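Student: My file is query_24.tsv. It has TSV, C-alpha atoms:
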```tsv
chain	number	residue	atom	x	y	z
A	1	GLY	CA	57.18	-10.60	15.78
A	2	THR	CA	54.39	-8.16	16.50
A	3	MET	CA	56.79	-5.23	16.03
A	4	LEU	CA	57.87	-6.57	12.63
A	5	SER	CA	54.28	-6.94	11.45
A	6	ARG	CA	53.44	-3.40	12.56
A	7	ILE	CA	56.51	-2.01	10.79
A	8	LEU	CA	55.51	-3.73	7.54
A	9	TRP	CA	51.95	-2.40	7.88
A	10	ALA	CA	53.28	1.12	8.50
A	11	VAL	CA	55.59	0.94	5.47
A	12	ILE	CA	52.74	-0.11	3.17
A	13	SER	CA	50.45	2.56	4.59
A	14	SER	CA	52.99	5.32	3.89
A	15	ALA	CA	54.49	4.11	0.59
A	16	ALA	CA	51.77	5.49	-1.70
A	17	GLY	CA	53.02	6.33	-5.18
A	18	ARG	CA	56.68	5.59	-4.51
A	19	SER	CA	57.86	3.12	-7.15
A	20	ARG	CA	61.28	2.51	-5.60
A	21	SER	CA	59.73	1.91	-2.20
A	22	PHE	CA	57.23	-0.47	-3.81
A	23	VAL	CA	59.95	-2.62	-5.43
A	24	ALA	CA	62.02	-2.68	-2.25
A	25	LEU	CA	58.97	-3.56	-0.19
A	26	ILE	CA	58.00	-6.46	-2.44
A	27	THR	CA	61.54	-7.82	-2.22
A	28	LEU	CA	61.50	-7.56	1.58
A	29	LEU	CA	58.09	-9.18	1.93
A	30	ARG	CA	59.00	-12.07	-0.38
A	31	SER	CA	62.07	-12.70	1.76
A	32	VAL	CA	60.01	-12.68	4.96
A	33	TRP	CA	57.42	-14.97	3.32
A	34	ASP	CA	60.14	-17.46	2.28
A	35	VAL	CA	61.74	-17.42	5.74
A	36	LEU	CA	58.42	-18.05	7.48
A	37	GLY	CA	57.49	-20.79	5.02
A	38	TRP	CA	53.81	-19.85	5.23
A	39	GLY	CA	53.31	-20.82	1.61
A	40	ASP	CA	53.12	-24.39	2.90
A	41	THR	CA	49.78	-24.94	4.63
A	42	ASP	CA	51.18	-27.45	7.13
A	43	THR	CA	53.98	-25.07	8.13
A	44	PHE	CA	51.51	-22.23	8.59
A	45	ALA	CA	49.17	-24.45	10.63
A	46	ALA	CA	52.10	-25.56	12.80
A	47	HIS	CA	53.00	-21.94	13.48
A	48	LEU	CA	49.44	-21.25	14.56
A	49	LYS	CA	49.45	-24.29	16.81
A	50	HIS	CA	52.65	-23.45	18.68
A	51	HIS	CA	52.88	-19.66	18.44
A	52	VAL	CA	49.38	-18.23	18.51
A	53	ASN	CA	49.68	-14.45	18.38
A	54	LEU	CA	46.84	-13.68	16.03
A	55	ASP	CA	47.44	-9.91	15.92
A	56	PHE	CA	50.89	-10.69	14.51
A	57	VAL	CA	49.56	-13.31	12.10
A	58	VAL	CA	46.67	-11.20	10.77
A	59	THR	CA	48.79	-8.09	10.22
A	60	LEU	CA	51.45	-10.09	8.39
A	61	LEU	CA	48.82	-11.77	6.19
A	62	TRP	CA	47.42	-8.30	5.46
A	63	ALA	CA	50.87	-7.05	4.41
A	64	PHE	CA	51.50	-10.10	2.22
A	65	ALA	CA	48.08	-9.80	0.55
A	66	ALA	CA	48.32	-6.01	0.09
A	67	SER	CA	51.66	-6.31	-1.69
A	68	GLY	CA	50.56	-9.19	-3.92
A	69	VAL	CA	52.98	-11.69	-2.37
A	70	LEU	CA	49.95	-13.67	-1.12
A	71	GLN	CA	47.42	-14.30	-3.88
A	72	GLN	CA	43.72	-15.13	-3.41
A	73	GLN	CA	44.06	-18.92	-3.45
A	74	GLY	CA	46.85	-18.84	-0.88
A	75	LEU	CA	44.93	-16.31	1.19
A	76	SER	CA	41.87	-18.56	1.27
A	77	SER	CA	44.01	-21.48	2.46
A	78	SER	CA	45.64	-19.34	5.17
A	79	LEU	CA	42.28	-18.06	6.43
A	80	ARG	CA	40.93	-21.62	6.45
A	81	ALA	CA	43.87	-22.74	8.61
A	82	LEU	CA	43.35	-19.72	10.87
A	83	ALA	CA	39.68	-20.62	11.29
A	84	CYS	CA	40.60	-24.22	12.15
A	85	CYS	CA	43.05	-22.96	14.77
A	86	CYS	CA	40.37	-20.83	16.39
A	87	CYS	CA	37.90	-23.71	16.38
A	88	ARG	CA	40.45	-26.00	17.99
A	89	GLU	CA	41.20	-23.43	20.66
A	90	GLY	CA	37.49	-23.05	21.39
A	91	CYS	CA	37.50	-19.41	20.37
A	92	ARG	CA	34.25	-19.49	18.42
A	93	GLN	CA	32.25	-18.66	21.48
A	94	ASP	CA	30.94	-15.16	22.02
A	95	LEU	CA	32.57	-12.96	19.34
A	96	GLY	CA	34.56	-15.58	17.46
A	97	LEU	CA	38.14	-14.32	17.75
A	98	GLY	CA	37.22	-11.47	20.07
A	99	VAL	CA	38.98	-13.06	23.05
A	100	VAL	CA	42.38	-13.06	21.34
A	101	LEU	CA	42.44	-10.19	18.84
A	102	ARG	CA	43.36	-7.18	20.94
A	103	ASP	CA	43.39	-4.31	18.45
A	104	THR	CA	40.51	-2.75	16.52
A	105	SER	CA	42.80	-2.11	13.54
A	106	THR	CA	43.71	-5.81	13.43
A	107	TRP	CA	40.02	-6.68	13.22
A	108	ALA	CA	39.72	-4.13	10.39
A	109	GLN	CA	42.58	-5.81	8.55
A	110	LEU	CA	40.96	-9.22	9.03
A	111	TRP	CA	37.69	-7.89	7.58
A	112	GLU	CA	39.52	-6.71	4.47
A	113	LEU	CA	41.12	-10.14	4.13
A	114	PHE	CA	37.66	-11.73	4.42
A	115	LEU	CA	36.36	-9.54	1.58
A	116	LEU	CA	39.45	-10.12	-0.57
A	117	ALA	CA	38.95	-13.88	-0.21
A	118	GLY	CA	35.27	-13.37	-1.09
A	119	PRO	CA	33.19	-16.47	-1.84
A	120	SER	CA	36.19	-18.74	-1.25
A	121	LEU	CA	36.31	-17.78	2.45
A	122	SER	CA	36.03	-20.84	4.68
A	123	PRO	CA	32.49	-21.39	6.03
A	124	ASP	CA	34.11	-22.15	9.40
A	125	TRP	CA	34.18	-18.42	10.11
A	126	PRO	CA	31.05	-17.61	12.15
A	127	VAL	CA	28.73	-14.72	11.32
A	128	SER	CA	29.64	-13.06	14.63
A	129	CYS	CA	33.24	-12.89	13.48
A	130	LEU	CA	32.28	-11.23	10.20
A	131	ASP	CA	30.09	-8.73	12.04
A	132	GLN	CA	32.89	-7.88	14.47
A	133	GLY	CA	35.35	-7.30	11.63
A	134	ARG	CA	32.88	-5.15	9.73
A	135	SER	CA	32.15	-3.01	12.79
A	136	CYS	CA	35.85	-2.48	13.59
A	137	TRP	CA	36.57	-1.62	9.95
A	138	ALA	CA	33.95	1.14	10.13
A	139	THR	CA	35.53	2.43	13.34
A	140	ASP	CA	38.98	2.36	11.73
A	141	LEU	CA	37.61	4.34	8.77
A	142	ARG	CA	36.33	7.07	11.09
A	143	ARG	CA	39.81	7.28	12.63
A	144	SER	CA	41.53	7.60	9.25
A	145	GLY	CA	42.00	11.35	9.54
A	146	LEU	CA	39.70	12.54	6.76
A	147	SER	CA	38.41	15.27	9.04
A	148	GLU	CA	39.32	16.70	12.41
A	149	GLU	CA	35.68	17.36	13.21
A	150	GLN	CA	33.54	14.70	14.83
A	151	ASP	CA	30.83	15.02	12.20
A	152	GLY	CA	33.27	15.89	9.42
A	153	GLU	CA	33.01	12.63	7.53
A	154	GLU	CA	29.22	12.85	7.24
A	155	ALA	CA	29.40	16.49	6.20
A	156	GLN	CA	31.96	15.68	3.50
A	157	HIS	CA	29.77	12.95	2.08
A	158	LEU	CA	26.78	15.27	2.02
A	159	LEU	CA	28.76	17.98	0.23
A	160	LEU	CA	30.01	15.40	-2.26
A	161	GLY	CA	26.40	14.39	-2.82
A	162	ASP	CA	25.48	18.00	-3.55
A	163	VAL	CA	28.21	18.21	-6.21
A	164	LEU	CA	27.08	14.97	-7.87
A	165	LYS	CA	23.47	16.14	-7.82
A	166	THR	CA	24.47	19.43	-9.41
A	167	LEU	CA	26.29	17.51	-12.16
A	168	GLY	CA	23.20	15.41	-12.75
A	169	VAL	CA	24.94	12.16	-11.78
A	170	PRO	CA	22.66	9.53	-10.19
A	171	HIS	CA	24.43	8.14	-7.15
A	172	LYS	CA	24.16	6.53	-3.76
A	173	LEU	CA	26.06	7.93	-0.80
A	174	VAL	CA	27.92	5.66	1.64
A	175	ALA	CA	27.27	2.73	-0.66
A	176	GLU	CA	28.22	-0.90	-0.13
A	177	VAL	CA	29.73	-2.32	-3.33
A	178	ALA	CA	31.64	-5.43	-4.44
A	179	VAL	CA	29.18	-7.54	-2.48
A	180	SER	CA	30.64	-11.05	-2.59
A	181	LEU	CA	30.90	-12.28	1.00
A	182	ARG	CA	27.62	-13.70	2.31
A	183	GLY	CA	25.75	-10.58	1.24
A	184	ARG	CA	28.45	-8.21	2.49
A	185	GLY	CA	30.70	-5.79	0.62
A	186	ILE	CA	33.04	-2.82	1.03
A	187	THR	CA	31.72	0.67	1.84
A	188	THR	CA	32.61	3.62	-0.40
A	189	SER	CA	31.86	7.33	-0.19
A	190	ALA	CA	29.57	7.29	-3.24
A	191	GLU	CA	28.61	4.81	-5.93
A	192	LEU	CA	27.77	6.27	-9.35
A	193	LEU	CA	24.63	4.69	-10.81
A	194	CYS	CA	25.21	5.40	-14.47
A	195	GLU	CA	24.86	1.95	-16.05
A	196	ALA	CA	21.51	2.85	-17.63
A	197	THR	CA	22.69	6.09	-19.31
A	198	THR	CA	26.35	5.28	-20.02
A	199	PRO	CA	26.68	1.47	-19.95
A	200	ASN	CA	30.09	1.48	-21.66
A	201	ALA	CA	31.68	3.60	-18.94
A	202	GLY	CA	31.86	0.72	-16.49
A	203	ARG	CA	31.31	0.90	-12.75
A	204	TRP	CA	32.61	3.88	-10.79
A	205	VAL	CA	32.79	5.05	-7.20
A	206	VAL	CA	33.98	8.33	-5.69
A	207	GLU	CA	36.12	8.13	-2.57
A	208	VAL	CA	36.76	10.98	-0.14
A	209	VAL	CA	40.42	10.54	0.77
A	210	ALA	CA	42.96	12.13	3.09
A	211	ASP	CA	45.56	14.35	1.46
A	212	GLU	CA	48.75	12.67	0.31
A	213	TYR	CA	51.76	12.90	2.58
A	214	PRO	CA	54.00	14.74	2.05
A	215	ALA	CA	51.21	17.09	1.04
A	216	ALA	CA	50.98	17.94	-2.64
A	217	ALA	CA	51.29	21.58	-3.70
A	218	GLU	CA	47.55	21.61	-4.23
A	219	PRO	CA	45.04	18.81	-3.55
A	220	VAL	CA	43.41	17.63	-6.77
A	221	VAL	CA	40.48	15.46	-7.78
A	222	LYS	CA	41.85	12.55	-9.83
A	223	VAL	CA	41.34	9.01	-11.05
A	224	ALA	CA	43.03	6.60	-8.64
A	225	ARG	CA	46.24	5.00	-9.87
A	226	ASP	CA	46.35	1.33	-10.83
A	227	VAL	CA	46.48	-0.51	-7.52
A	228	ARG	CA	48.34	-3.44	-9.08
A	229	SER	CA	51.27	-1.34	-10.25
A	230	GLY	CA	52.12	0.25	-6.93
A	231	ILE	CA	51.14	0.94	-3.35
A	232	VAL	CA	48.26	3.34	-2.74
A	233	GLY	CA	48.60	3.36	1.05
A	234	ARG	CA	46.44	2.23	3.97
A	235	TRP	CA	43.50	1.33	1.73
A	236	GLN	CA	45.53	-0.91	-0.56
A	237	ILE	CA	43.40	-4.00	-0.01
A	238	LYS	CA	40.17	-2.00	-0.28
A	239	ARG	CA	41.33	-0.85	-3.72
A	240	LEU	CA	42.27	-4.44	-4.64
A	241	ILE	CA	38.72	-5.53	-3.70
A	242	LEU	CA	37.25	-2.77	-5.90
A	243	ALA	CA	39.60	-3.63	-8.78
A	244	ASP	CA	38.65	-7.32	-8.57
A	245	ALA	CA	35.01	-6.26	-8.90
A	246	GLY	CA	35.79	-4.14	-11.98
A	247	ILE	CA	35.12	-0.86	-10.18
A	248	SER	CA	37.13	2.30	-10.97
A	249	VAL	CA	37.76	5.02	-8.38
A	250	VAL	CA	37.81	8.82	-8.46
A	251	GLU	CA	39.54	10.37	-5.45
A	252	VAL	CA	38.32	13.63	-3.91
A	253	PRO	CA	40.63	15.03	-1.19
A	254	GLY	CA	38.70	15.68	2.00
A	255	SER	CA	40.50	19.00	2.46
A	256	LEU	CA	38.79	20.35	-0.66
A	257	LEU	CA	35.39	19.52	0.77
A	258	CYS	CA	36.36	20.86	4.19
A	259	SER	CA	37.50	24.15	2.63
A	260	LYS	CA	34.09	24.42	0.94
A	261	ASN	CA	35.85	24.89	-2.40
A	262	MET	CA	32.88	23.36	-4.15
A	263	ALA	CA	33.40	25.09	-7.48
A	264	LYS	CA	36.81	23.45	-7.92
A	265	VAL	CA	35.52	20.04	-6.87
A	266	GLN	CA	32.60	20.33	-9.29
A	267	ARG	CA	34.79	21.52	-12.16
A	268	ASP	CA	37.46	18.84	-11.70
A	269	LEU	CA	34.98	16.04	-11.11
A	270	GLU	CA	32.97	17.01	-14.18
A	271	ALA	CA	36.12	17.00	-16.36
A	272	ILE	CA	37.10	13.52	-15.16
A	273	LEU	CA	33.65	12.00	-15.53
A	274	ARG	CA	33.35	13.44	-19.04
A	275	SER	CA	36.76	12.14	-20.11
A	276	GLU	CA	35.90	8.66	-18.77
A	277	GLY	CA	32.53	8.60	-20.53
A	278	VAL	CA	30.49	8.63	-17.34
A	279	LEU	CA	28.87	11.99	-18.20
A	280	ARG	CA	27.41	11.91	-21.69
A	281	THR	CA	24.94	14.78	-21.77
A	282	GLU	CA	25.45	18.44	-21.03
A	283	VAL	CA	25.60	19.33	-17.36
A	284	HIS	CA	22.42	20.83	-15.96
A	285	ALA	CA	24.03	24.06	-14.90
A	286	LYS	CA	23.22	25.49	-11.55
A	287	SER	CA	24.22	28.81	-10.14
A	288	SER	CA	27.22	29.18	-7.88
A	289	ALA	CA	24.74	30.31	-5.25
A	290	PHE	CA	23.31	26.78	-5.16
A	291	VAL	CA	26.76	25.26	-4.65
A	292	GLY	CA	27.45	27.66	-1.79
A	293	ALA	CA	24.02	27.13	-0.30
A	294	SER	CA	24.56	23.36	-0.26
A	295	VAL	CA	26.92	23.84	2.66
A	296	ALA	CA	24.13	25.35	4.74
A	297	PHE	CA	21.57	22.62	4.21
A	298	ALA	CA	23.97	19.65	3.92
A	299	HIS	CA	23.14	18.40	7.41
A	300	SER	CA	19.45	18.21	6.56
A	301	VAL	CA	19.99	15.72	3.74
A	302	GLY	CA	19.90	12.02	4.73
A	303	THR	CA	22.82	9.77	3.79
A	304	GLY	CA	22.58	6.48	1.96
A	305	SER	CA	19.68	7.51	-0.30
A	306	VAL	CA	19.67	7.21	-4.08
A	307	VAL	CA	19.68	10.64	-5.73
A	308	ALA	CA	18.16	10.87	-9.22
A	309	PRO	CA	19.49	13.31	-11.80
A	310	PRO	CA	17.59	16.58	-12.10
A	311	ARG	CA	15.07	16.88	-14.93
A	312	ALA	CA	16.01	18.79	-18.00
```
Please render this file's structure as structure tokens.
Tutor:
Amino acid sequence: GTMLSRILWAVISSAAGRSRSFVALITLLRSVWDVLGWGDTDTFAAHLKHHVNLDFVVTLLWAFAASGVLQQQGLSSSLRALACCCCREGCRQDLGLGVVLRDTSTWAQLWELFLLAGPSLSPDWPVSCLDQGRSCWATDLRRSGLSEEQDGEEAQHLLLGDVLKTLGVPHKLVAEVAVSLRGRGITTSAELLCEATTPNAGRWVVEVVADEYPAAAEPVVKVARDVRSGIVGRWQIKRLILADAGISVVEVPGSLLCSKNMAKVQRDLEAILRSEGVLRTEVHAKSSAFVGASVAFAHSVGTGSVVAPPRA
């Protein structure tokens, strides 16, 4: 069982952009869902009662939710039954499910399921459980391979912030958005704060992402594909959470930031934001020397602070 759940997770994580794989995967997952009979709450609860392997259960629920086989109402019911199982087993002590969930990545998956359920999440889940999931999700993010350097993720965010500042885009780095779960939300690389200047553009975030595999001929900055029309990979549920909140995503490959190719990132990002109506006024041009110099002082800039656009 655990092997099957891990295989399904791996397939979803690696199926980004492959339409044939997406159709085949949905068919497979619907078959597994029907065989398990988890659409019936009593059947699901009975499985939990007699075969409690929560790593297996959580990863399967993640796969079903990521593919759209399990919708929000059904997810809320499944998480409610899971919470009842844990309460019955006396697992709410200490770190909630910490005594039975063995893998950090499983906790990260559970946290994404919590956020996808949002306000409909059962109140039976203790705060300690939410905190554990949130912490493990952050750990899993750092292990996602965006950078080989220990401080690479922070450096990439700072360099992204320099580009946005140069473009005159107000933003917040490492921002928590789609806040719907007891004051908690999902963390993104940068939230664009443009509602005041371009209210018709909608809400946008910029995500630093790992390069696609197999690697594209050249990494490009682009608007993320529609998450509901295909698989986008490991962060499928994160993108579903953002889509549910009406938030659009621009992807910036981490390799571009690591290579310090700031001119390309700035040029491509500006073109996208202009075409989407996020940038309305002329860019406050800065010299290429500033863009290059941003690499040197990036580590001296604090993360998580709101950056206002430069004055004309």
Student: Choose the residue, out of A:Gln73, A:Thr106, A:Thr43, A:Gln266, that has the smallest atom-to-atom separation from A:Asp140; count only C-alpha atoms.
Tutor: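 Checking each candidate against A:Asp140, we get A:Thr106 as the closest.
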Student: Could you check how far atom CA of A:Ile186 sits from atom CA of A:Lys238, in Å to one decimal?
Tutor: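 Atom-to-atom, atom CA of A:Ile186 and atom CA of A:Lys238 are spaced 7.3 Å apart.
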Student: I want to know what sits within 10 Å of A:Arg267, based on all atoms listed in the file, with residues of the same chain fewer than 3 positions away left out; could you give that as a compact mmCIF listing (two decimals) with C-alpha atoms, in the coordinates of the input?
Tutor:
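Just written: out36.txt:
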```txt
# COMPACT_ATOMS: atom_id res chain seq x y z
CA VAL A 163 28.21 18.21 -6.21
CA LEU A 167 26.29 17.51 -12.16
CA VAL A 221 40.48 15.46 -7.78
CA MET A 262 32.88 23.36 -4.15
CA ALA A 263 33.40 25.09 -7.48
CA LYS A 264 36.81 23.45 -7.92
CA GLU A 270 32.97 17.01 -14.18
CA ALA A 271 36.12 17.00 -16.36
CA ILE A 272 37.10 13.52 -15.16
```
Student: Check the smallest atom-to-atom distance from each of A:Cys84, A:Ala117, A:Leu79, A:Val35 to A:Lys49 using only C-alpha atoms, then report the winner.
Tutor: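 Among A:Cys84, A:Ala117, A:Leu79, A:Val35, it is A:Cys84 that comes nearest to A:Lys49.
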Student: Atom CA of A:Leu269 to atom CA of A:Arg184: how many Å, to one decimal?
Tutor: 28.6 Å
Student: Of the residues A:Ala201, A:Leu164, A:Leu130, A:Leu25, which is the one nearest to A:Val252, using all atoms listed in the file?
Tutor: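 Among the listed residues, A:Leu164 lies closest to A:Val252.
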Student: Mind pulling up the distance from atom CA of A:Pro123 to atom CA of A:Ser67?
Tutor: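 Straight-line distance from atom CA of A:Ser67 to atom CA of A:Pro123 works out to 25.6 Å.
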Student: Looking at only C-alpha atoms, which of A:His47, A:Arg80, A:Arg142, A:Arg280 is the one that sits closest to A:Thr197?
Tutor: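 Among A:His47, A:Arg80, A:Arg142, A:Arg280, it is A:Arg280 that comes nearest to A:Thr197.
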Student: I need the residue nearest A:Ser135 from this list: A:Trp204, A:Trp33, A:Trp111, A:Trp235. Use all atoms listed in the file for the distance.
Tutor: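 Checking each candidate against A:Ser135, we get A:Trp111 as the closest.
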Student: With all atoms listed in the file as the atoms that count, which of A:Ala65, A:Val127, A:Leu240, A:Leu75 lies nearest to A:Leu29?
Tutor: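 Under the stated criterion, the closest residue is A:Ala65.
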